[in-house]
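**Student:** What follows is target_30.pdb, PDB, C-alpha atoms, pLDDT in the B column.
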```
MODEL        1
ATOM      1  CA  MET A   2      13.628  30.879  -6.500  1.00 50.00           C
ATOM      2  CA  THR A   3      11.250  29.087  -4.161  1.00 64.00           C
ATOM      3  CA  GLY A   4      10.407  29.117  -0.504  1.00 86.00           C
ATOM      4  CA  VAL A   5      10.701  32.876   0.003  1.00 94.00           C
ATOM      5  CA  ARG A   6       8.401  33.842   2.867  1.00 96.00           C
ATOM      6  CA  VAL A   7       5.992  36.608   1.860  1.00 97.00           C
ATOM      7  CA  LEU A   8       3.449  38.372   4.069  1.00 97.00           C
ATOM      8  CA  ILE A   9       0.598  40.271   2.417  1.00 97.00           C
ATOM      9  CA  SER A  10      -1.535  42.858   4.192  1.00 95.00           C
ATOM     10  CA  GLY A  11      -4.100  45.468   3.206  1.00 90.00           C
ATOM     11  CA  GLY A  12      -6.816  45.448   0.607  1.00 88.00           C
ATOM     12  CA  GLU A  13      -9.891  43.287   0.289  1.00 92.00           C
ATOM     13  CA  ALA A  14      -9.804  39.667   1.429  1.00 94.00           C
ATOM     14  CA  GLU A  15     -10.575  38.424  -2.096  1.00 94.00           C
ATOM     15  CA  PHE A  16      -7.561  40.337  -3.438  1.00 95.00           C
ATOM     16  CA  THR A  17      -5.124  39.126  -0.783  1.00 96.00           C
ATOM     17  CA  GLY A  18      -6.464  35.568  -1.042  1.00 96.00           C
ATOM     18  CA  LEU A  19      -5.987  35.522  -4.806  1.00 96.00           C
ATOM     19  CA  LEU A  20      -2.507  36.964  -4.453  1.00 97.00           C
ATOM     20  CA  VAL A  21      -1.585  34.276  -1.890  1.00 97.00           C
ATOM     21  CA  ASP A  22      -2.811  31.564  -4.278  1.00 96.00           C
ATOM     22  CA  ARG A  23      -0.904  32.928  -7.237  1.00 96.00           C
ATOM     23  CA  LEU A  24       2.341  33.450  -5.300  1.00 97.00           C
ATOM     24  CA  ARG A  25       2.098  29.915  -3.887  1.00 96.00           C
ATOM     25  CA  SER A  26       1.694  28.590  -7.426  1.00 94.00           C
ATOM     26  CA  TRP A  27       5.067  30.222  -8.145  1.00 94.00           C
ATOM     27  CA  GLY A  28       6.653  28.487  -5.139  1.00 95.00           C
ATOM     28  CA  TYR A  29       6.512  31.281  -2.579  1.00 96.00           C
ATOM     29  CA  GLU A  30       5.468  30.687   1.025  1.00 97.00           C
ATOM     30  CA  ALA A  31       2.778  33.361   1.007  1.00 97.00           C
ATOM     31  CA  ALA A  32       0.371  34.253   3.807  1.00 97.00           C
ATOM     32  CA  ALA A  33      -2.151  37.059   4.184  1.00 97.00           C
ATOM     33  CA  ALA A  34      -3.092  39.113   7.226  1.00 96.00           C
ATOM     34  CA  SER A  35      -6.545  40.638   7.413  1.00 92.00           C
ATOM     35  CA  ASP A  36      -5.374  43.777   9.234  1.00 91.00           C
ATOM     36  CA  ALA A  37      -2.342  45.470  10.775  1.00 93.00           C
ATOM     37  CA  ASP A  38      -2.693  43.744  14.148  1.00 94.00           C
ATOM     38  CA  GLU A  39      -2.749  40.331  12.518  1.00 95.00           C
ATOM     39  CA  ALA A  40       0.184  41.293  10.284  1.00 96.00           C
ATOM     40  CA  LEU A  41       2.257  42.201  13.326  1.00 96.00           C
ATOM     41  CA  ALA A  42       1.266  38.979  15.075  1.00 96.00           C
ATOM     42  CA  MET A  43       2.098  36.939  11.970  1.00 96.00           C
ATOM     43  CA  GLN A  44       5.503  38.561  11.661  1.00 96.00           C
ATOM     44  CA  ALA A  45       6.704  36.514  14.627  1.00 92.00           C
ATOM     45  CA  THR A  46       5.351  33.220  13.321  1.00 94.00           C
ATOM     46  CA  VAL A  47       5.779  33.577   9.550  1.00 94.00           C
ATOM     47  CA  GLN A  48       9.080  35.488   9.768  1.00 96.00           C
ATOM     48  CA  PRO A  49       8.584  37.026   6.334  1.00 97.00           C
ATOM     49  CA  GLU A  50      11.498  38.084   4.181  1.00 96.00           C
ATOM     50  CA  VAL A  51       9.245  40.253   2.019  1.00 97.00           C
ATOM     51  CA  ALA A  52       6.075  42.134   2.984  1.00 97.00           C
ATOM     52  CA  ILE A  53       3.578  43.339   0.402  1.00 97.00           C
ATOM     53  CA  LEU A  54       1.431  46.139   1.790  1.00 96.00           C
ATOM     54  CA  SER A  55      -1.527  47.558  -0.106  1.00 94.00           C
ATOM     55  CA  MET A  56      -2.030  51.300   0.218  1.00 91.00           C
ATOM     56  CA  GLN A  57      -5.499  51.027  -1.322  1.00 84.00           C
ATOM     57  CA  GLY A  58      -7.870  53.295   0.584  1.00 74.00           C
ATOM     58  CA  ARG A  59      -5.760  54.095   3.652  1.00 77.00           C
ATOM     59  CA  PRO A  60      -2.149  54.752   2.599  1.00 76.00           C
ATOM     60  CA  THR A  61      -1.067  56.159   5.987  1.00 81.00           C
ATOM     61  CA  HIS A  62      -2.078  52.876   7.666  1.00 89.00           C
ATOM     62  CA  ALA A  63       0.249  50.971   5.348  1.00 92.00           C
ATOM     63  CA  LEU A  64       3.116  53.349   6.137  1.00 93.00           C
ATOM     64  CA  GLU A  65       2.526  52.985   9.879  1.00 94.00           C
ATOM     65  CA  LEU A  66       2.420  49.199   9.513  1.00 96.00           C
ATOM     66  CA  MET A  67       5.671  49.305   7.530  1.00 96.00           C
ATOM     67  CA  ARG A  68       7.285  51.321  10.353  1.00 97.00           C
ATOM     68  CA  LEU A  69       6.178  48.782  12.972  1.00 96.00           C
ATOM     69  CA  LEU A  70       7.282  45.798  10.863  1.00 97.00           C
ATOM     70  CA  HIS A  71      10.678  47.414  10.298  1.00 97.00           C
ATOM     71  CA  ALA A  72      11.006  48.091  14.033  1.00 96.00           C
ATOM     72  CA  ALA A  73      10.761  44.348  14.640  1.00 96.00           C
ATOM     73  CA  ASP A  74      12.873  43.360  11.615  1.00 96.00           C
ATOM     74  CA  PRO A  75      14.944  46.094   9.949  1.00 96.00           C
ATOM     75  CA  ALA A  76      16.005  43.656   7.191  1.00 95.00           C
ATOM     76  CA  LEU A  77      12.411  43.087   6.026  1.00 96.00           C
ATOM     77  CA  LYS A  78      11.899  44.119   2.395  1.00 96.00           C
ATOM     78  CA  VAL A  79       8.636  46.010   1.914  1.00 97.00           C
ATOM     79  CA  ILE A  80       6.869  46.392  -1.424  1.00 97.00           C
ATOM     80  CA  LEU A  81       3.991  48.888  -1.472  1.00 96.00           C
ATOM     81  CA  LEU A  82       0.966  48.544  -3.756  1.00 95.00           C
ATOM     82  CA  LEU A  83      -0.370  51.912  -4.833  1.00 93.00           C
ATOM     83  CA  GLY A  84      -4.047  52.486  -5.378  1.00 86.00           C
ATOM     84  CA  ARG A  85      -5.478  55.399  -7.283  1.00 81.00           C
ATOM     85  CA  GLY A  86      -4.232  58.734  -5.907  1.00 78.00           C
ATOM     86  CA  ALA A  87      -1.595  57.198  -3.640  1.00 80.00           C
ATOM     87  CA  ALA A  88       1.474  58.344  -5.594  1.00 84.00           C
ATOM     88  CA  ILE A  89       2.578  60.912  -2.991  1.00 88.00           C
ATOM     89  CA  ALA A  90       2.142  58.385  -0.182  1.00 87.00           C
ATOM     90  CA  GLY A  91       4.163  55.944  -2.293  1.00 89.00           C
ATOM     91  CA  VAL A  92       7.057  58.403  -2.564  1.00 92.00           C
ATOM     92  CA  ARG A  93       6.870  58.910   1.199  1.00 92.00           C
ATOM     93  CA  GLY A  94       6.946  55.119   1.606  1.00 93.00           C
ATOM     94  CA  MET A  95      10.095  54.827  -0.510  1.00 94.00           C
ATOM     95  CA  GLU A  96      11.710  57.575   1.581  1.00 95.00           C
ATOM     96  CA  GLN A  97      10.763  55.650   4.721  1.00 94.00           C
ATOM     97  CA  GLY A  98      12.316  52.382   3.611  1.00 95.00           C
ATOM     98  CA  ALA A  99      10.090  50.591   1.099  1.00 96.00           C
ATOM     99  CA  VAL A 100      12.140  48.885  -1.605  1.00 96.00           C
ATOM    100  CA  ASP A 101       9.547  49.190  -4.386  1.00 95.00           C
ATOM    101  CA  CYS A 102       6.142  50.628  -5.232  1.00 94.00           C
ATOM    102  CA  LEU A 103       3.867  48.921  -7.746  1.00 95.00           C
ATOM    103  CA  PRO A 104       0.571  50.210  -9.145  1.00 94.00           C
ATOM    104  CA  LEU A 105      -2.821  48.577  -8.761  1.00 94.00           C
ATOM    105  CA  PRO A 106      -4.271  46.713 -10.636  1.00 95.00           C
ATOM    106  CA  LEU A 107      -1.284  44.489  -9.995  1.00 97.00           C
ATOM    107  CA  ASP A 108       0.730  42.827 -12.742  1.00 97.00           C
ATOM    108  CA  LEU A 109       1.753  39.511 -11.155  1.00 97.00           C
ATOM    109  CA  GLY A 110       4.860  39.214 -13.321  1.00 96.00           C
ATOM    110  CA  THR A 111       6.033  42.655 -12.272  1.00 97.00           C
ATOM    111  CA  LEU A 112       5.511  41.730  -8.622  1.00 97.00           C
ATOM    112  CA  ILE A 113       7.510  38.514  -8.968  1.00 96.00           C
ATOM    113  CA  ASP A 114      10.304  40.377 -10.760  1.00 96.00           C
ATOM    114  CA  SER A 115      10.300  42.891  -7.904  1.00 96.00           C
ATOM    115  CA  ILE A 116      10.484  40.158  -5.239  1.00 96.00           C
ATOM    116  CA  ARG A 117      13.356  38.506  -7.099  1.00 94.00           C
ATOM    117  CA  LYS A 118      15.148  41.829  -7.396  1.00 93.00           C
ATOM    118  CA  VAL A 119      14.859  42.729  -3.727  1.00 89.00           C
ATOM    119  CA  ARG A 120      15.942  39.201  -2.791  1.00 83.00           C
ATOM    120  CA  GLY A 121      19.029  39.615  -4.956  1.00 79.00           C
ATOM    121  CA  ASN A 122      17.951  37.419  -7.852  1.00 62.00           C
ATOM    122  CA  SER A 123      17.600  39.558 -10.939  1.00 52.00           C
ATOM    123  CA  GLN A 124      16.394  36.793 -13.292  1.00 54.00           C
ATOM    124  CA  SER A 125      13.297  38.135 -15.047  1.00 53.00           C
ATOM    125  CA  ILE A 126       9.980  36.329 -15.109  1.00 52.00           C
ATOM    126  CA  ALA A 127      10.161  36.766 -18.897  1.00 46.00           C
ATOM    127  CA  SER A 128      12.643  33.892 -18.999  1.00 42.00           C
ATOM    128  CA  ASP A 129      10.246  31.543 -17.239  1.00 47.00           C
ATOM    129  CA  ASP A 130       7.398  29.562 -18.659  1.00 44.00           C
ATOM    130  CA  PHE A 131       3.936  30.984 -18.179  1.00 43.00           C
ATOM    131  CA  GLU A 132       2.001  29.386 -15.330  1.00 43.00           C
ATOM    132  CA  SER A 133      -1.751  29.704 -15.369  1.00 39.00           C
TER     133      SER A 133
ATOM    134  CA  MET B  11      -3.776  41.790 -31.434  1.00 95.00           C
ATOM    135  CA  ASN B  12      -4.028  42.454 -27.706  1.00 97.00           C
ATOM    136  CA  ILE B  13      -6.357  40.031 -25.959  1.00 98.00           C
ATOM    137  CA  LEU B  14      -7.840  40.270 -22.463  1.00 98.00           C
ATOM    138  CA  ILE B  15      -9.621  37.340 -20.810  1.00 98.00           C
ATOM    139  CA  THR B  16     -11.500  37.725 -17.540  1.00 98.00           C
ATOM    140  CA  VAL B  17     -10.600  34.822 -15.276  1.00 97.00           C
ATOM    141  CA  GLN B  18     -12.007  32.995 -12.296  1.00 94.00           C
ATOM    142  CA  ASP B  19     -10.478  29.745 -11.045  1.00 90.00           C
ATOM    143  CA  HIS B  20      -8.701  28.964 -14.335  1.00 90.00           C
ATOM    144  CA  SER B  21     -11.907  29.456 -16.330  1.00 96.00           C
ATOM    145  CA  VAL B  22     -13.382  32.407 -18.176  1.00 98.00           C
ATOM    146  CA  ALA B  23     -15.094  34.401 -15.408  1.00 97.00           C
ATOM    147  CA  PRO B  24     -18.857  33.874 -15.655  1.00 96.00           C
ATOM    148  CA  ARG B  25     -19.552  37.574 -15.066  1.00 97.00           C
ATOM    149  CA  PHE B  26     -17.540  40.520 -16.352  1.00 96.00           C
ATOM    150  CA  ASP B  27     -18.411  42.720 -13.361  1.00 95.00           C
ATOM    151  CA  GLN B  28     -17.311  40.062 -10.846  1.00 95.00           C
ATOM    152  CA  ALA B  29     -13.870  39.341 -12.274  1.00 96.00           C
ATOM    153  CA  THR B  30     -10.828  40.217 -10.138  1.00 95.00           C
ATOM    154  CA  GLU B  31      -8.230  38.530 -12.318  1.00 97.00           C
ATOM    155  CA  VAL B  32      -7.490  38.906 -16.006  1.00 98.00           C
ATOM    156  CA  LEU B  33      -4.990  37.544 -18.502  1.00 98.00           C
ATOM    157  CA  ILE B  34      -3.504  39.801 -21.140  1.00 98.00           C
ATOM    158  CA  ALA B  35      -1.837  38.269 -24.171  1.00 97.00           C
ATOM    159  CA  THR B  36      -0.607  39.451 -27.545  1.00 96.00           C
ATOM    160  CA  GLY B  37      -0.642  37.337 -30.665  1.00 93.00           C
ATOM    161  CA  GLU B  38      -2.593  36.115 -33.683  1.00 84.00           C
ATOM    162  CA  ALA B  39      -2.635  33.461 -36.400  1.00 84.00           C
ATOM    163  CA  GLY B  40      -2.446  30.819 -33.704  1.00 85.00           C
ATOM    164  CA  ARG B  41       0.707  32.225 -32.119  1.00 90.00           C
ATOM    165  CA  LEU B  42       1.452  34.081 -28.917  1.00 92.00           C
ATOM    166  CA  ASP B  43       3.886  36.974 -29.035  1.00 93.00           C
ATOM    167  CA  GLY B  44       5.678  37.137 -25.704  1.00 89.00           C
ATOM    168  CA  GLN B  45       4.393  36.280 -22.269  1.00 90.00           C
ATOM    169  CA  VAL B  46       0.857  36.052 -20.975  1.00 95.00           C
ATOM    170  CA  ARG B  47       0.461  38.584 -18.190  1.00 97.00           C
ATOM    171  CA  THR B  48      -1.701  38.000 -15.124  1.00 97.00           C
ATOM    172  CA  ILE B  49      -3.292  41.119 -13.655  1.00 97.00           C
ATOM    173  CA  ILE B  50      -5.020  41.060 -10.266  1.00 97.00           C
ATOM    174  CA  LEU B  51      -7.557  43.776  -9.542  1.00 96.00           C
ATOM    175  CA  PRO B  52      -7.840  45.161  -6.002  1.00 94.00           C
ATOM    176  CA  HIS B  53     -11.613  44.731  -5.997  1.00 93.00           C
ATOM    177  CA  ARG B  54     -14.557  43.845  -8.198  1.00 95.00           C
ATOM    178  CA  SER B  55     -15.396  46.754 -10.469  1.00 94.00           C
ATOM    179  CA  ALA B  56     -16.613  46.732 -14.046  1.00 96.00           C
ATOM    180  CA  GLU B  57     -15.625  50.403 -14.305  1.00 95.00           C
ATOM    181  CA  ASP B  58     -12.026  49.763 -13.233  1.00 94.00           C
ATOM    182  CA  LEU B  59     -11.854  46.735 -15.504  1.00 97.00           C
ATOM    183  CA  SER B  60     -13.068  48.872 -18.411  1.00 97.00           C
ATOM    184  CA  ASP B  61     -10.405  51.473 -17.604  1.00 95.00           C
ATOM    185  CA  LEU B  62      -7.774  48.718 -17.679  1.00 96.00           C
ATOM    186  CA  ILE B  63      -9.042  47.442 -21.038  1.00 97.00           C
ATOM    187  CA  VAL B  64      -8.774  50.907 -22.569  1.00 97.00           C
ATOM    188  CA  LYS B  65      -5.408  51.651 -20.926  1.00 95.00           C
ATOM    189  CA  GLU B  66      -3.920  48.369 -22.177  1.00 96.00           C
ATOM    190  CA  ASP B  67      -5.151  49.085 -25.722  1.00 97.00           C
ATOM    191  CA  ILE B  68      -7.027  45.790 -25.853  1.00 98.00           C
ATOM    192  CA  ASP B  69      -8.383  44.740 -29.274  1.00 97.00           C
ATOM    193  CA  CYS B  70     -10.281  41.672 -28.181  1.00 97.00           C
ATOM    194  CA  LEU B  71     -12.149  40.917 -24.941  1.00 98.00           C
ATOM    195  CA  VAL B  72     -13.139  37.386 -23.914  1.00 98.00           C
ATOM    196  CA  CYS B  73     -15.584  37.177 -21.027  1.00 98.00           C
ATOM    197  CA  GLY B  74     -18.710  35.539 -19.692  1.00 97.00           C
ATOM    198  CA  GLY B  75     -21.866  37.542 -19.171  1.00 97.00           C
ATOM    199  CA  ILE B  76     -21.482  41.295 -19.581  1.00 97.00           C
ATOM    200  CA  GLU B  77     -23.863  44.165 -18.914  1.00 97.00           C
ATOM    201  CA  ASP B  78     -25.261  45.683 -22.093  1.00 97.00           C
ATOM    202  CA  SER B  79     -23.893  49.179 -21.380  1.00 96.00           C
ATOM    203  CA  PHE B  80     -20.327  47.875 -21.150  1.00 97.00           C
ATOM    204  CA  TYR B  81     -20.829  45.702 -24.233  1.00 97.00           C
ATOM    205  CA  ARG B  82     -21.957  48.748 -26.200  1.00 97.00           C
ATOM    206  CA  PHE B  83     -19.070  50.829 -24.809  1.00 97.00           C
ATOM    207  CA  PHE B  84     -16.506  48.300 -26.017  1.00 97.00           C
ATOM    208  CA  LYS B  85     -18.186  48.013 -29.413  1.00 96.00           C
ATOM    209  CA  TRP B  86     -18.050  51.815 -29.667  1.00 96.00           C
ATOM    210  CA  LYS B  87     -14.338  51.610 -28.833  1.00 96.00           C
ATOM    211  CA  LYS B  88     -14.008  49.073 -31.700  1.00 97.00           C
ATOM    212  CA  ILE B  89     -13.020  46.285 -29.293  1.00 97.00           C
ATOM    213  CA  ARG B  90     -14.168  42.826 -30.372  1.00 97.00           C
ATOM    214  CA  VAL B  91     -16.178  41.227 -27.591  1.00 98.00           C
ATOM    215  CA  TYR B  92     -16.538  37.449 -27.282  1.00 98.00           C
ATOM    216  CA  ASP B  93     -19.066  37.285 -24.459  1.00 98.00           C
ATOM    217  CA  GLY B  94     -20.907  34.338 -22.980  1.00 97.00           C
ATOM    218  CA  VAL B  95     -17.846  32.111 -23.330  1.00 98.00           C
ATOM    219  CA  ILE B  96     -17.824  29.118 -20.956  1.00 97.00           C
ATOM    220  CA  GLY B  97     -14.728  27.013 -20.325  1.00 97.00           C
ATOM    221  CA  ALA B  98     -11.044  27.062 -19.417  1.00 97.00           C
ATOM    222  CA  HIS B  99      -9.211  30.312 -20.109  1.00 97.00           C
ATOM    223  CA  ALA B 100      -6.283  28.483 -21.749  1.00 96.00           C
ATOM    224  CA  GLU B 101      -8.618  26.921 -24.314  1.00 97.00           C
ATOM    225  CA  ALA B 102     -10.360  30.260 -24.885  1.00 97.00           C
ATOM    226  CA  LEU B 103      -6.983  31.893 -25.531  1.00 97.00           C
ATOM    227  CA  SER B 104      -5.981  29.174 -27.959  1.00 96.00           C
ATOM    228  CA  LEU B 105      -9.265  29.507 -29.861  1.00 96.00           C
ATOM    229  CA  VAL B 106      -9.194  33.292 -30.045  1.00 96.00           C
ATOM    230  CA  LEU B 107      -5.639  33.180 -31.369  1.00 95.00           C
ATOM    231  CA  SER B 108      -6.657  30.733 -34.076  1.00 94.00           C
ATOM    232  CA  GLY B 109      -9.755  32.762 -34.949  1.00 95.00           C
ATOM    233  CA  GLU B 110     -12.127  29.967 -33.972  1.00 96.00           C
ATOM    234  CA  LEU B 111     -13.713  31.494 -30.876  1.00 97.00           C
ATOM    235  CA  ARG B 112     -17.320  32.644 -31.125  1.00 97.00           C
ATOM    236  CA  PRO B 113     -19.544  34.522 -28.658  1.00 97.00           C
ATOM    237  CA  GLY B 114     -21.591  32.194 -26.479  1.00 97.00           C
ATOM    238  CA  MET B 115     -19.300  29.271 -27.145  1.00 97.00           C
ATOM    239  CA  VAL B 116     -19.253  26.384 -24.663  1.00 97.00           C
ATOM    240  CA  LEU B 117     -15.714  25.072 -24.860  1.00 96.00           C
ATOM    241  CA  ASP B 118     -14.668  21.418 -24.770  1.00 93.00           C
ATOM    242  CA  SER B 119     -13.071  21.962 -21.348  1.00 93.00           C
ATOM    243  CA  ALA B 120     -16.474  22.973 -19.950  1.00 93.00           C
ATOM    244  CA  ARG B 121     -18.223  19.996 -21.536  1.00 87.00           C
ATOM    245  CA  ALA B 122     -15.573  17.709 -20.079  1.00 80.00           C
ATOM    246  CA  GLY B 123     -15.878  19.398 -16.689  1.00 65.00           C
ATOM    247  CA  VAL B 124     -12.200  20.407 -16.679  1.00 55.00           C
TER     248      VAL B 124
ENDMDL
END
```
With the file now loaded, output its structure as structure tokens.

**Tutor:**
Amino acid sequence: MTGVRVLISGGEAEFTGLLVDRLRSWGYEAAAASDADEALAMQATVQPEVAILSMQGRPTHALELMRLLHAADPALKVILLLGRGAAIAGVRGMEQGAVDCLPLPLDLGTLIDSIRKVRGNSQSIASDDFES
Amino acid sequence: MNILITVQDHSVAPRFDQATEVLIATGEAGRLDGQVRTIILPHRSAEDLSDLIVKEDIDCLVCGGIEDSFYRFFKWKKIRVYDGVIGAHAEALSLVLSGELRPGMVLDSARAGV
């Protein structure tokens, strides 16, 4: 599956930048926003199908951003990344419409499997060749 | 044998405490068992990286420079540490699987500037 538009927000710039690079190497059209305002602005231009929101540090900010993104596009699939101690906020996020919660540090293969699943393609990354 | 390699830009990360990406692989005798997993850390932290190494039950760590306290911690945990390795992570993985990797090794990929 290639060309899926993915918007990443939250977390340190080095983390989001690395994640953009790795997702692009797998064929995704990934872009990162540095904060919630930029994420909302990019929603109109990027028109993401999947949003990956880090709850590292400020989980309530990620939930508020998810609410605003869903207000503009109810079909947007949101995957939350849970930092240490964010389990309760993660459960709240699932109740509020997130399609998956993944722990940090982030296993890239697990993330790609999750994106494929929420996009309706259940083929596991385990059947693909490893890309460095 | 569970192997973890700290990575930066497709090479072994020059400093353990600065790595934000790692590869985890399982295998030995020159063969990989299963997939190589890529793990991305949310920020630079030698402590968090050490937690990951223990949690993943790593037997063998391949890295660049590493602070002495962490080196001693991993030795105490009976984790083999190949530190000071310079070169492409794919070559490092191949060499550790075949038992040819040594601490401080400058790999062919580094000599060739790959």

**Student:** Hey, which bits of chain A sit within 8 Å of chain B, and for each residue what's the closest pair of atoms and how far apart in Å (one decimal), counting all atoms listed in the file, rows by chain and increasing number, as CSV?

**Tutor:**
```
residue,atom,partner,partner_atom,distance
A:Gly12,CA,B:Pro52,CA,6.7
A:Glu13,CA,B:His53,CA,6.7
A:Glu15,CA,B:His53,CA,7.5
A:Phe16,CA,B:Pro52,CA,5.5
A:Leu19,CA,B:Ile50,CA,7.8
A:Leu20,CA,B:Ile50,CA,7.5
A:Gln57,CA,B:Pro52,CA,7.9
A:Leu105,CA,B:Pro52,CA,6.7
A:Pro106,CA,B:Leu51,CA,4.5
A:Leu107,CA,B:Ile50,CA,5.1
A:Asp108,CA,B:Ile49,CA,4.5
A:Leu109,CA,B:Thr48,CA,5.5
A:Gly110,CA,B:Arg47,CA,6.6
A:Ala127,CA,B:Gln45,CA,6.7
A:Phe131,CA,B:Val46,CA,6.6
A:Ser133,CA,B:His20,CA,7.1
```

**Student:** How many Å separate CA of Pro75 (chain A) from CA of Ala87 (chain A)?

**Tutor:** 24.1 Å

**Student:** Identify which of the residues A:Ala34, A:Ile116, A:Cys102, A:Leu77 lies closest to Glu50 (chain A), counting all atoms listed in the file when measuring atom-to-atom distances.

**Tutor:**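 Ranking A:Ala34, A:Ile116, A:Cys102, A:Leu77 by distance to Glu50 (chain A), first place goes to A:Leu77.
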
**Student:** Identify all residues satisfying the PyMOL selection byres ((chain A and resi 64) around 9) in the given file; provide them as a ChimeraX atom specification.

**Tutor:** /A:54,56,60-63,65-69,81,90-91,93-94,97

**Student:** Which residue gives the smallest distance to Ala98 (chain B) among B:Asn12, B:Ser21, B:Gln28, B:Ser79, with all atoms listed in the file counted?

**Tutor:**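 Between B:Asn12, B:Ser21, B:Gln28, B:Ser79, the residue approaching Ala98 (chain B) most closely is B:Ser21.
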
**Student:** Give me, please, the distance in Å between CA of Ala42 (chain A) and CA of Ile80 (chain A), quoted to one decimal.

**Tutor:** 18.9 Å

**Student:** Record the distance separating CA of Arg121 (chain B) and CA of Asp78 (chain B), expressed in Å with one decimal.

**Tutor:**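 CA of Asp78 (chain B) lies 26.6 Å from CA of Arg121 (chain B).
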
**Student:** Taking (0.9, 36.9, 3.2) in the coordinates of the supplied file, I want to know which residues reach to within 9 Å of it, counting all atoms listed in the file; could you give the answer as a ChimeraX atom specification?

**Tutor:** /A:6-10,17-18,20-21,30-34,40,43,47,49,52-53

**Student:** A:His71, A:Ser55, A:Gly11, A:Arg25: which is nearest Glu39 (chain A), counting all atoms listed in the file?

**Tutor:**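 Closest to Glu39 (chain A) of all the choices is A:Gly11.
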
**Student:** Report as a ChimeraX atom specification the residues that result from applying the PyMOL selection byres ((chain B and resi 11) around 7) to the structure here.

**Tutor:** /B:12-13,36-38,69

**Student:** For the structure provided, state which residues fall under the PyMOL selection byres ((chain B and resi 102) around 12), and present them as a JSON list (two decimals) with C-alpha atoms, keeping the file's coordinate frame.

**Tutor:**
```json
[["chain", "number", "residue", "atom", "x", "y", "z"],
["B", 13, "ILE", "CA", -6.36, 40.03, -25.96],
["B", 14, "LEU", "CA", -7.84, 40.27, -22.46],
["B", 15, "ILE", "CA", -9.62, 37.34, -20.81],
["B", 16, "THR", "CA", -11.50, 37.72, -17.54],
["B", 17, "VAL", "CA", -10.60, 34.82, -15.28],
["B", 20, "HIS", "CA", -8.70, 28.96, -14.34],
["B", 21, "SER", "CA", -11.91, 29.46, -16.33],
["B", 22, "VAL", "CA", -13.38, 32.41, -18.18],
["B", 23, "ALA", "CA", -15.09, 34.40, -15.41],
["B", 33, "LEU", "CA", -4.99, 37.54, -18.50],
["B", 35, "ALA", "CA", -1.84, 38.27, -24.17],
["B", 40, "GLY", "CA", -2.45, 30.82, -33.70],
["B", 70, "CYS", "CA", -10.28, 41.67, -28.18],
["B", 71, "LEU", "CA", -12.15, 40.92, -24.94],
["B", 72, "VAL", "CA", -13.14, 37.39, -23.91],
["B", 73, "CYS", "CA", -15.58, 37.18, -21.03],
["B", 74, "GLY", "CA", -18.71, 35.54, -19.69],
["B", 92, "TYR", "CA", -16.54, 37.45, -27.28],
["B", 93, "ASP", "CA", -19.07, 37.28, -24.46],
["B", 94, "GLY", "CA", -20.91, 34.34, -22.98],
["B", 95, "VAL", "CA", -17.85, 32.11, -23.33],
["B", 96, "ILE", "CA", -17.82, 29.12, -20.96],
["B", 97, "GLY", "CA", -14.73, 27.01, -20.32],
["B", 98, "ALA", "CA", -11.04, 27.06, -19.42],
["B", 99, "HIS", "CA", -9.21, 30.31, -20.11],
["B", 100, "ALA", "CA", -6.28, 28.48, -21.75],
["B", 101, "GLU", "CA", -8.62, 26.92, -24.31],
["B", 103, "LEU", "CA", -6.98, 31.89, -25.53],
["B", 104, "SER", "CA", -5.98, 29.17, -27.96],
["B", 105, "LEU", "CA", -9.26, 29.51, -29.86],
["B", 106, "VAL", "CA", -9.19, 33.29, -30.04],
["B", 107, "LEU", "CA", -5.64, 33.18, -31.37],
["B", 108, "SER", "CA", -6.66, 30.73, -34.08],
["B", 109, "GLY", "CA", -9.76, 32.76, -34.95],
["B", 110, "GLU", "CA", -12.13, 29.97, -33.97],
["B", 111, "LEU", "CA", -13.71, 31.49, -30.88],
["B", 112, "ARG", "CA", -17.32, 32.64, -31.12],
["B", 113, "PRO", "CA", -19.54, 34.52, -28.66],
["B", 114, "GLY", "CA", -21.59, 32.19, -26.48],
["B", 115, "MET", "CA", -19.30, 29.27, -27.14],
["B", 116, "VAL", "CA", -19.25, 26.38, -24.66],
["B", 117, "LEU", "CA", -15.71, 25.07, -24.86],
["B", 118, "ASP", "CA", -14.67, 21.42, -24.77],
["B", 119, "SER", "CA", -13.07, 21.96, -21.35],
["B", 120, "ALA", "CA", -16.47, 22.97, -19.95]]
```

**Student:** To box region 107-122 of chain B, take all atoms listed in the file, fit an axis-aligned box, add 8 Å on each side, and give centre and edge lengths in Å to one decimal, as lines of an AutoDock Vina configuration file.

**Tutor:**
```
center_x = -13.6
center_y = 26.1
center_z = -27.4
size_x = 32.0
size_y = 32.8
size_z = 31.0
```

**Student:** What would region 110-114 of chain A look like with N, CA and C atoms in place, written as a PDB file, in the coordinates of the input?

**Tutor:**
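Done, and the output landed in out_3.pdb:
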```pdb
ATOM      1  N   GLY A 110       3.484  39.380 -12.854  1.00 96.00           N
ATOM      2  CA  GLY A 110       4.860  39.214 -13.321  1.00 96.00           C
ATOM      3  C   GLY A 110       5.771  40.316 -12.805  1.00 96.00           C
ATOM      4  N   THR A 111       5.254  41.528 -12.782  1.00 97.00           N
ATOM      5  CA  THR A 111       6.033  42.655 -12.272  1.00 97.00           C
ATOM      6  C   THR A 111       6.315  42.471 -10.791  1.00 97.00           C
ATOM      7  N   LEU A 112       5.320  41.973 -10.057  1.00 97.00           N
ATOM      8  CA  LEU A 112       5.511  41.730  -8.622  1.00 97.00           C
ATOM      9  C   LEU A 112       6.589  40.665  -8.391  1.00 97.00           C
ATOM     10  N   ILE A 113       6.531  39.594  -9.152  1.00 96.00           N
ATOM     11  CA  ILE A 113       7.510  38.514  -8.968  1.00 96.00           C
ATOM     12  C   ILE A 113       8.914  38.998  -9.340  1.00 96.00           C
ATOM     13  N   ASP A 114       9.003  39.782 -10.410  1.00 96.00           N
ATOM     14  CA  ASP A 114      10.304  40.377 -10.760  1.00 96.00           C
ATOM     15  C   ASP A 114      10.810  41.249  -9.618  1.00 96.00           C
TER      16      ASP A 114
END
```
